[in-house]
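> Structure file upload.cif, mmCIF, N, CA and C atoms, is pasted below:
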data_structure
loop_
_atom_site.label_atom_id
_atom_site.label_comp_id
_atom_site.auth_asym_id
_atom_site.auth_seq_id
_atom_site.Cartn_x
_atom_site.Cartn_y
_atom_site.Cartn_z
N MET A 1214 19.94 14.89 67.02
CA MET A 1214 20.32 13.70 66.30
C MET A 1214 19.11 13.00 65.71
N ALA A 1215 18.01 13.04 66.42
CA ALA A 1215 16.79 12.39 65.95
C ALA A 1215 16.31 13.04 64.67
N LYS A 1216 16.43 14.39 64.60
CA LYS A 1216 16.00 15.08 63.37
C LYS A 1216 16.87 14.65 62.20
N SER A 1217 18.12 14.45 62.41
CA SER A 1217 19.03 14.04 61.36
C SER A 1217 18.63 12.66 60.83
N ARG A 1218 18.28 11.76 61.74
CA ARG A 1218 17.87 10.42 61.34
C ARG A 1218 16.55 10.49 60.59
N GLN A 1219 15.65 11.34 60.99
CA GLN A 1219 14.37 11.50 60.31
C GLN A 1219 14.59 11.99 58.87
N LYS A 1220 15.53 12.92 58.72
CA LYS A 1220 15.82 13.43 57.37
C LYS A 1220 16.37 12.33 56.49
N VAL A 1221 17.24 11.52 57.04
CA VAL A 1221 17.84 10.43 56.27
C VAL A 1221 16.75 9.43 55.86
N GLN A 1222 15.88 9.08 56.80
CA GLN A 1222 14.80 8.15 56.50
C GLN A 1222 13.83 8.75 55.48
N ALA A 1223 13.55 10.02 55.60
CA ALA A 1223 12.66 10.70 54.64
C ALA A 1223 13.26 10.68 53.24
N ARG A 1224 14.57 10.94 53.15
CA ARG A 1224 15.23 10.90 51.84
C ARG A 1224 15.17 9.49 51.25
N MET A 1225 15.38 8.48 52.09
CA MET A 1225 15.34 7.10 51.62
C MET A 1225 13.95 6.74 51.10
N ARG A 1226 12.92 7.17 51.84
CA ARG A 1226 11.54 6.90 51.40
C ARG A 1226 11.25 7.62 50.08
N ALA A 1227 11.72 8.83 49.99
CA ALA A 1227 11.50 9.61 48.76
C ALA A 1227 12.19 8.94 47.57
N ARG A 1228 13.43 8.46 47.79
CA ARG A 1228 14.17 7.78 46.71
C ARG A 1228 13.47 6.49 46.30
N GLU A 1229 12.96 5.74 47.28
CA GLU A 1229 12.25 4.50 46.98
C GLU A 1229 10.97 4.78 46.19
N ALA A 1230 10.24 5.80 46.60
CA ALA A 1230 9.01 6.16 45.89
C ALA A 1230 9.34 6.61 44.46
N LYS A 1231 10.40 7.41 44.33
CA LYS A 1231 10.79 7.88 42.99
C LYS A 1231 11.25 6.71 42.12
N ALA A 1232 11.94 5.76 42.71
CA ALA A 1232 12.38 4.58 41.95
C ALA A 1232 11.18 3.80 41.42
N LYS A 1233 10.12 3.67 42.24
CA LYS A 1233 8.92 2.98 41.78
C LYS A 1233 8.27 3.72 40.61
N VAL A 1234 8.18 5.06 40.75
CA VAL A 1234 7.60 5.87 39.67
C VAL A 1234 8.45 5.76 38.41
N ASP A 1235 9.77 5.83 38.56
CA ASP A 1235 10.68 5.72 37.41
C ASP A 1235 10.54 4.36 36.74
N ALA A 1236 10.37 3.31 37.54
CA ALA A 1236 10.21 1.96 36.98
C ALA A 1236 8.92 1.87 36.16
N ARG A 1237 7.84 2.45 36.69
CA ARG A 1237 6.57 2.45 35.94
C ARG A 1237 6.71 3.26 34.65
N ARG A 1238 7.40 4.37 34.72
CA ARG A 1238 7.61 5.19 33.51
C ARG A 1238 8.42 4.43 32.48
N ALA A 1239 9.48 3.74 32.94
CA ALA A 1239 10.31 2.97 32.01
C ALA A 1239 9.49 1.85 31.36
N GLU A 1240 8.64 1.20 32.15
CA GLU A 1240 7.79 0.14 31.62
C GLU A 1240 6.81 0.71 30.59
N ARG A 1241 6.24 1.85 30.90
CA ARG A 1241 5.31 2.51 29.97
C ARG A 1241 6.04 2.93 28.69
N ASP A 1242 7.23 3.50 28.84
CA ASP A 1242 8.00 3.91 27.68
C ASP A 1242 8.34 2.71 26.79
N GLU A 1243 8.63 1.57 27.38
CA GLU A 1243 8.93 0.37 26.61
C GLU A 1243 7.68 -0.10 25.85
N LYS A 1244 6.52 -0.05 26.50
CA LYS A 1244 5.27 -0.42 25.82
C LYS A 1244 4.99 0.53 24.66
N ILE A 1245 5.20 1.81 24.89
CA ILE A 1245 5.00 2.80 23.82
C ILE A 1245 5.92 2.50 22.65
N SER A 1246 7.17 2.20 22.94
CA SER A 1246 8.14 1.89 21.89
C SER A 1246 7.73 0.65 21.10
N THR A 1247 7.21 -0.36 21.79
CA THR A 1247 6.76 -1.59 21.13
C THR A 1247 5.60 -1.30 20.18
N VAL A 1248 4.63 -0.51 20.65
CA VAL A 1248 3.48 -0.17 19.82
C VAL A 1248 3.91 0.70 18.64
N GLN A 1249 4.80 1.62 18.90
CA GLN A 1249 5.30 2.50 17.83
C GLN A 1249 6.01 1.67 16.76
N THR A 1250 6.80 0.71 17.17
CA THR A 1250 7.48 -0.17 16.21
C THR A 1250 6.47 -0.95 15.39
N ALA A 1251 5.44 -1.48 16.04
CA ALA A 1251 4.40 -2.22 15.32
C ALA A 1251 3.72 -1.34 14.28
N TYR A 1252 3.49 -0.08 14.63
CA TYR A 1252 2.87 0.86 13.69
C TYR A 1252 3.74 1.02 12.44
N PHE A 1253 5.04 1.26 12.64
CA PHE A 1253 5.91 1.50 11.50
C PHE A 1253 6.12 0.24 10.65
N VAL A 1254 6.08 -0.94 11.26
CA VAL A 1254 6.13 -2.18 10.50
C VAL A 1254 4.87 -2.28 9.63
N ALA A 1255 3.71 -2.00 10.23
CA ALA A 1255 2.46 -2.04 9.47
C ALA A 1255 2.45 -1.02 8.34
N LEU A 1256 3.01 0.15 8.59
CA LEU A 1256 3.09 1.18 7.55
C LEU A 1256 3.94 0.70 6.38
N ALA A 1257 5.06 0.08 6.67
CA ALA A 1257 5.93 -0.44 5.61
C ALA A 1257 5.22 -1.55 4.82
N GLU A 1258 4.49 -2.41 5.54
CA GLU A 1258 3.74 -3.47 4.87
C GLU A 1258 2.66 -2.88 3.97
N ARG A 1259 2.00 -1.81 4.44
CA ARG A 1259 0.97 -1.17 3.62
C ARG A 1259 1.58 -0.58 2.36
N ASP A 1260 2.74 0.06 2.49
CA ASP A 1260 3.41 0.64 1.32
C ASP A 1260 3.75 -0.46 0.31
N GLU A 1261 4.24 -1.60 0.80
CA GLU A 1261 4.54 -2.72 -0.09
C GLU A 1261 3.28 -3.24 -0.77
N ALA A 1262 2.19 -3.31 -0.01
CA ALA A 1262 0.92 -3.79 -0.57
C ALA A 1262 0.40 -2.84 -1.64
N GLU A 1263 0.51 -1.55 -1.39
CA GLU A 1263 0.06 -0.56 -2.39
C GLU A 1263 0.89 -0.69 -3.67
N GLU A 1264 2.18 -0.92 -3.52
CA GLU A 1264 3.04 -1.11 -4.69
C GLU A 1264 2.63 -2.38 -5.45
N ALA A 1265 2.31 -3.42 -4.71
CA ALA A 1265 1.87 -4.67 -5.34
C ALA A 1265 0.55 -4.47 -6.09
N ILE A 1266 -0.34 -3.66 -5.54
CA ILE A 1266 -1.62 -3.37 -6.20
C ILE A 1266 -1.38 -2.64 -7.51
N VAL A 1267 -0.48 -1.67 -7.50
CA VAL A 1267 -0.17 -0.92 -8.72
C VAL A 1267 0.39 -1.87 -9.78
N LYS A 1268 1.30 -2.74 -9.38
CA LYS A 1268 1.89 -3.69 -10.33
C LYS A 1268 0.82 -4.65 -10.87
N ALA A 1269 -0.08 -5.10 -9.99
CA ALA A 1269 -1.14 -6.00 -10.43
C ALA A 1269 -2.09 -5.30 -11.39
N ASP A 1270 -2.43 -4.05 -11.09
CA ASP A 1270 -3.30 -3.29 -11.98
C ASP A 1270 -2.62 -3.03 -13.33
N ASP A 1271 -1.31 -2.79 -13.31
CA ASP A 1271 -0.57 -2.63 -14.57
C ASP A 1271 -0.63 -3.93 -15.38
N ALA A 1272 -0.46 -5.06 -14.71
CA ALA A 1272 -0.52 -6.35 -15.41
C ALA A 1272 -1.92 -6.59 -15.97
N ARG A 1273 -2.95 -6.24 -15.20
CA ARG A 1273 -4.32 -6.36 -15.69
C ARG A 1273 -4.52 -5.49 -16.93
N ALA A 1274 -4.00 -4.27 -16.88
CA ALA A 1274 -4.16 -3.35 -18.01
C ALA A 1274 -3.45 -3.89 -19.24
N ARG A 1275 -2.23 -4.42 -19.06
CA ARG A 1275 -1.51 -5.00 -20.21
C ARG A 1275 -2.30 -6.15 -20.82
N ALA A 1276 -2.90 -6.98 -19.97
CA ALA A 1276 -3.69 -8.11 -20.48
C ALA A 1276 -4.90 -7.62 -21.26
N ILE A 1277 -5.60 -6.63 -20.72
CA ILE A 1277 -6.77 -6.08 -21.41
C ILE A 1277 -6.34 -5.45 -22.73
N GLN A 1278 -5.24 -4.72 -22.71
CA GLN A 1278 -4.76 -4.08 -23.94
C GLN A 1278 -4.39 -5.12 -24.99
N SER A 1279 -3.79 -6.22 -24.57
CA SER A 1279 -3.46 -7.30 -25.50
C SER A 1279 -4.72 -7.97 -26.04
N LEU A 1280 -5.71 -8.13 -25.18
CA LEU A 1280 -6.96 -8.78 -25.57
C LEU A 1280 -7.74 -7.95 -26.58
N THR A 1281 -7.69 -6.63 -26.44
CA THR A 1281 -8.52 -5.77 -27.29
C THR A 1281 -7.76 -5.16 -28.46
N ALA A 1282 -6.48 -5.45 -28.58
CA ALA A 1282 -5.68 -4.89 -29.67
C ALA A 1282 -4.94 -6.01 -30.39
N GLY A 1283 -4.10 -5.63 -31.33
CA GLY A 1283 -3.27 -6.61 -32.03
C GLY A 1283 -4.10 -7.59 -32.83
N ASP A 1284 -3.66 -8.85 -32.82
CA ASP A 1284 -4.34 -9.89 -33.59
C ASP A 1284 -5.69 -10.28 -33.00
N LEU A 1285 -5.86 -10.12 -31.70
CA LEU A 1285 -7.09 -10.58 -31.05
C LEU A 1285 -8.26 -9.64 -31.28
N LYS A 1286 -8.07 -8.38 -31.05
CA LYS A 1286 -9.09 -7.35 -31.25
C LYS A 1286 -10.48 -7.77 -30.76
N VAL A 1287 -10.54 -8.23 -29.51
CA VAL A 1287 -11.82 -8.60 -28.91
C VAL A 1287 -12.57 -7.31 -28.57
N SER A 1288 -13.86 -7.28 -28.81
CA SER A 1288 -14.65 -6.08 -28.55
C SER A 1288 -14.66 -5.78 -27.05
N VAL A 1289 -14.91 -4.53 -26.72
CA VAL A 1289 -14.97 -4.10 -25.32
C VAL A 1289 -16.03 -4.90 -24.57
N ASP A 1290 -17.20 -5.04 -25.15
CA ASP A 1290 -18.29 -5.77 -24.48
C ASP A 1290 -17.91 -7.23 -24.24
N ASP A 1291 -17.35 -7.87 -25.28
CA ASP A 1291 -16.96 -9.27 -25.13
C ASP A 1291 -15.82 -9.42 -24.14
N ALA A 1292 -14.83 -8.54 -24.21
CA ALA A 1292 -13.69 -8.61 -23.29
C ALA A 1292 -14.17 -8.37 -21.85
N ALA A 1293 -15.10 -7.46 -21.69
CA ALA A 1293 -15.64 -7.19 -20.35
C ALA A 1293 -16.32 -8.44 -19.80
N ASP A 1294 -17.11 -9.12 -20.64
CA ASP A 1294 -17.76 -10.36 -20.22
C ASP A 1294 -16.72 -11.43 -19.89
N LEU A 1295 -15.71 -11.56 -20.74
CA LEU A 1295 -14.67 -12.57 -20.53
C LEU A 1295 -13.90 -12.35 -19.23
N CYS A 1296 -13.70 -11.09 -18.88
CA CYS A 1296 -12.90 -10.74 -17.69
C CYS A 1296 -13.75 -10.39 -16.48
N GLU A 1297 -15.06 -10.55 -16.63
CA GLU A 1297 -15.99 -10.24 -15.54
C GLU A 1297 -15.83 -8.80 -15.03
N LEU A 1298 -15.79 -7.88 -15.99
CA LEU A 1298 -15.70 -6.45 -15.70
C LEU A 1298 -16.88 -5.75 -16.34
N THR A 1299 -17.15 -4.54 -15.87
CA THR A 1299 -18.12 -3.72 -16.60
C THR A 1299 -17.38 -3.11 -17.78
N PRO A 1300 -18.09 -2.74 -18.82
CA PRO A 1300 -17.40 -2.11 -19.95
C PRO A 1300 -16.62 -0.86 -19.54
N SER A 1301 -17.14 -0.08 -18.60
CA SER A 1301 -16.40 1.12 -18.18
C SER A 1301 -15.12 0.75 -17.43
N GLU A 1302 -15.16 -0.30 -16.61
CA GLU A 1302 -13.93 -0.75 -15.94
C GLU A 1302 -12.91 -1.22 -16.96
N LEU A 1303 -13.39 -1.96 -17.96
CA LEU A 1303 -12.50 -2.46 -18.99
C LEU A 1303 -11.88 -1.31 -19.77
N ARG A 1304 -12.70 -0.31 -20.14
CA ARG A 1304 -12.16 0.84 -20.88
C ARG A 1304 -11.11 1.59 -20.07
N ALA A 1305 -11.33 1.70 -18.77
CA ALA A 1305 -10.34 2.38 -17.92
C ALA A 1305 -9.02 1.61 -17.92
N LEU A 1306 -9.08 0.30 -17.83
CA LEU A 1306 -7.85 -0.50 -17.89
C LEU A 1306 -7.21 -0.41 -19.27
N LYS A 1307 -8.04 -0.38 -20.29
CA LYS A 1307 -7.54 -0.31 -21.67
C LYS A 1307 -6.78 1.00 -21.90
N LYS A 1308 -7.25 2.08 -21.28
CA LYS A 1308 -6.62 3.39 -21.46
C LYS A 1308 -5.43 3.63 -20.53
N ARG A 1309 -5.28 2.79 -19.51
CA ARG A 1309 -4.24 2.99 -18.51
C ARG A 1309 -2.85 2.94 -19.15
N GLN A 1310 -2.05 3.93 -18.86
CA GLN A 1310 -0.67 3.96 -19.33
C GLN A 1310 0.17 3.12 -18.37
N VAL A 1311 0.80 2.08 -18.91
CA VAL A 1311 1.59 1.19 -18.06
C VAL A 1311 3.00 1.08 -18.60
N PRO A 1312 3.97 0.89 -17.68
CA PRO A 1312 5.34 0.68 -18.15
C PRO A 1312 5.45 -0.68 -18.83
N ASP A 1313 6.46 -0.83 -19.66
CA ASP A 1313 6.69 -2.12 -20.29
C ASP A 1313 6.84 -3.18 -19.21
N GLU A 1314 6.52 -4.42 -19.55
CA GLU A 1314 6.55 -5.49 -18.57
C GLU A 1314 7.90 -5.61 -17.89
N GLY A 1315 8.98 -5.47 -18.62
CA GLY A 1315 10.32 -5.60 -18.05
C GLY A 1315 10.76 -4.39 -17.26
N THR A 1316 10.02 -3.28 -17.38
CA THR A 1316 10.39 -2.04 -16.71
C THR A 1316 9.82 -2.02 -15.31
N ASP A 1317 10.66 -1.66 -14.35
CA ASP A 1317 10.19 -1.58 -12.97
C ASP A 1317 10.60 -0.24 -12.38
N ASP A 1318 10.54 0.80 -13.24
CA ASP A 1318 11.00 2.11 -12.77
C ASP A 1318 9.88 2.96 -12.21
N GLY A 1319 8.64 2.49 -12.30
CA GLY A 1319 7.51 3.21 -11.71
C GLY A 1319 7.10 4.46 -12.45
N THR A 1320 7.67 4.71 -13.63
CA THR A 1320 7.28 5.91 -14.37
C THR A 1320 5.99 5.65 -15.10
N ASP A 1321 5.36 6.72 -15.54
CA ASP A 1321 4.11 6.60 -16.28
C ASP A 1321 4.35 6.33 -17.75
N GLU A 1322 5.61 6.35 -18.17
CA GLU A 1322 5.88 6.09 -19.57
C GLU A 1322 5.70 4.62 -19.84
N GLY A 1323 4.98 4.30 -20.86
CA GLY A 1323 4.75 2.90 -21.15
C GLY A 1323 4.07 2.76 -22.48
N THR A 1324 3.65 1.57 -22.76
CA THR A 1324 3.01 1.32 -24.03
C THR A 1324 1.53 1.11 -23.80
N ASN A 1325 0.78 1.45 -24.80
CA ASN A 1325 -0.65 1.22 -24.77
C ASN A 1325 -1.02 0.69 -26.14
N PRO A 1326 -0.97 -0.64 -26.31
CA PRO A 1326 -1.21 -1.19 -27.63
C PRO A 1326 -2.59 -0.88 -28.18
N SER A 1327 -3.52 -0.51 -27.35
CA SER A 1327 -4.86 -0.22 -27.85
C SER A 1327 -4.96 1.17 -28.45
N ALA A 1328 -3.94 1.99 -28.24
CA ALA A 1328 -4.00 3.36 -28.71
C ALA A 1328 -4.11 3.42 -30.24
N ASP A 1329 -3.46 2.48 -30.93
CA ASP A 1329 -3.48 2.48 -32.39
C ASP A 1329 -4.48 1.48 -32.96
N ALA A 1330 -5.15 0.75 -32.09
CA ALA A 1330 -6.09 -0.28 -32.55
C ALA A 1330 -7.33 0.37 -33.13
N THR A 1331 -7.86 -0.27 -34.13
CA THR A 1331 -9.10 0.24 -34.72
C THR A 1331 -10.28 -0.42 -34.03
N THR A 1332 -11.39 0.22 -34.06
CA THR A 1332 -12.61 -0.30 -33.43
C THR A 1332 -13.11 -1.49 -34.24
N THR A 1333 -13.46 -2.56 -33.52
CA THR A 1333 -13.96 -3.74 -34.20
C THR A 1333 -15.47 -3.81 -34.05
N GLU A 1334 -16.08 -4.76 -34.75
CA GLU A 1334 -17.53 -4.89 -34.67
C GLU A 1334 -17.95 -5.12 -33.22
N GLY A 1335 -18.99 -4.46 -32.82
CA GLY A 1335 -19.54 -4.66 -31.49
C GLY A 1335 -18.85 -3.85 -30.42
N GLU A 1336 -17.79 -3.14 -30.75
CA GLU A 1336 -17.08 -2.35 -29.73
C GLU A 1336 -17.72 -0.98 -29.63
N HIS A 1337 -17.99 -0.61 -28.41
CA HIS A 1337 -18.58 0.69 -28.15
C HIS A 1337 -17.66 1.44 -27.23
N ASP A 1338 -17.44 2.71 -27.48
CA ASP A 1338 -16.58 3.52 -26.61
C ASP A 1338 -17.36 4.40 -25.69
N ASP A 1339 -18.64 4.07 -25.37
CA ASP A 1339 -19.39 4.93 -24.45
C ASP A 1339 -19.01 4.59 -23.04
#
Can the structure in the file be given as structure tokens, please?

Amino acid sequence: MAKSRQKVQARMRAREAKAKVDARRAERDEKISTVQTAYFVALAERDEAEEAIVKADDARARAIQSLTAGDLKVSVDDAADLCELTPSELRALKKRQVPDEGTDDGTDEGTNPSADATTTEGEHDD
């Protein structure tokens, strides 16, 4: 009978020990899940930020294209000074293909008003 009681007590101790281990595992799994959720929230925020950067760069390009084409026809050097850019940065924005302002489809099709503009005095394309 004593052996039977020992087995019962041993099983109880084993169950208690396993319950403690299971509780620690559950706590760890919950922490992992919390960190994993934070990662995916940050990833979504980064994707939104990257999209905002593209939209802002498109708006910058449209402004540069308007400044250097049409009625204004500001030279690359002057426009670069006005916008605090290097001439090469300005030329890159000037050449950027952007969707129309009202278009939010993310395609590369767009207008580039500088494409048909003629070179004005002081403008250099180097």
> Work out how far atom N of Ala1262 of chain A is from atom CA of Arg1304 of chain A, in Å to one decimal.
25.7 Å
> Nearest residue to Arg1273 of chain A out of A:Arg1237, A:Thr1250, A:Ala1305, A:Ser1288, using only C-alpha atoms?
A:Ala1305
> Kindly give the distance, in Å, that separates atom CA of Ala1274 of chain A and atom CA of Glu1261 of chain A, rounded to a single decimal.
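Interatomic distance, atom CA of Ala1274 of chain A to atom CA of Glu1261 of chain A: 19.9 Å.
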> Would you compute the distance between atom C of Ala1276 of chain A and atom CA of Pro1300 of chain A? Give it in Å to one decimal.
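Spanning atom C of Ala1276 of chain A to atom CA of Pro1300 of chain A is a straight-line distance of 13.7 Å.
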> Name the closest residue to Leu1306 of chain A among the candidates A:Glu1229, A:Asp1294, A:Asp1284, A:Asp1270; distances are taken between atoms, counting all atoms listed in the file.
A:Asp1270
> So for segment 1278-1292 of chain A, what box centre and size do we get, axis-aligned, 3 Å extra on each of the six sides, every listed atom, Å to one decimal, as JSON?

{"center_x": -10.8, "center_y": -7.3, "center_z": -27.7, "size_x": 21.0, "size_y": 12.5, "size_z": 17.7}
> With DSSP run on the backbone, what are the helix (DSSP H, G or I) residues within segment 1224-1320 of chain A? I'd like them as an MDAnalysis selection string.
chainID A and resid 1224:1281 1289:1295 1300:1308
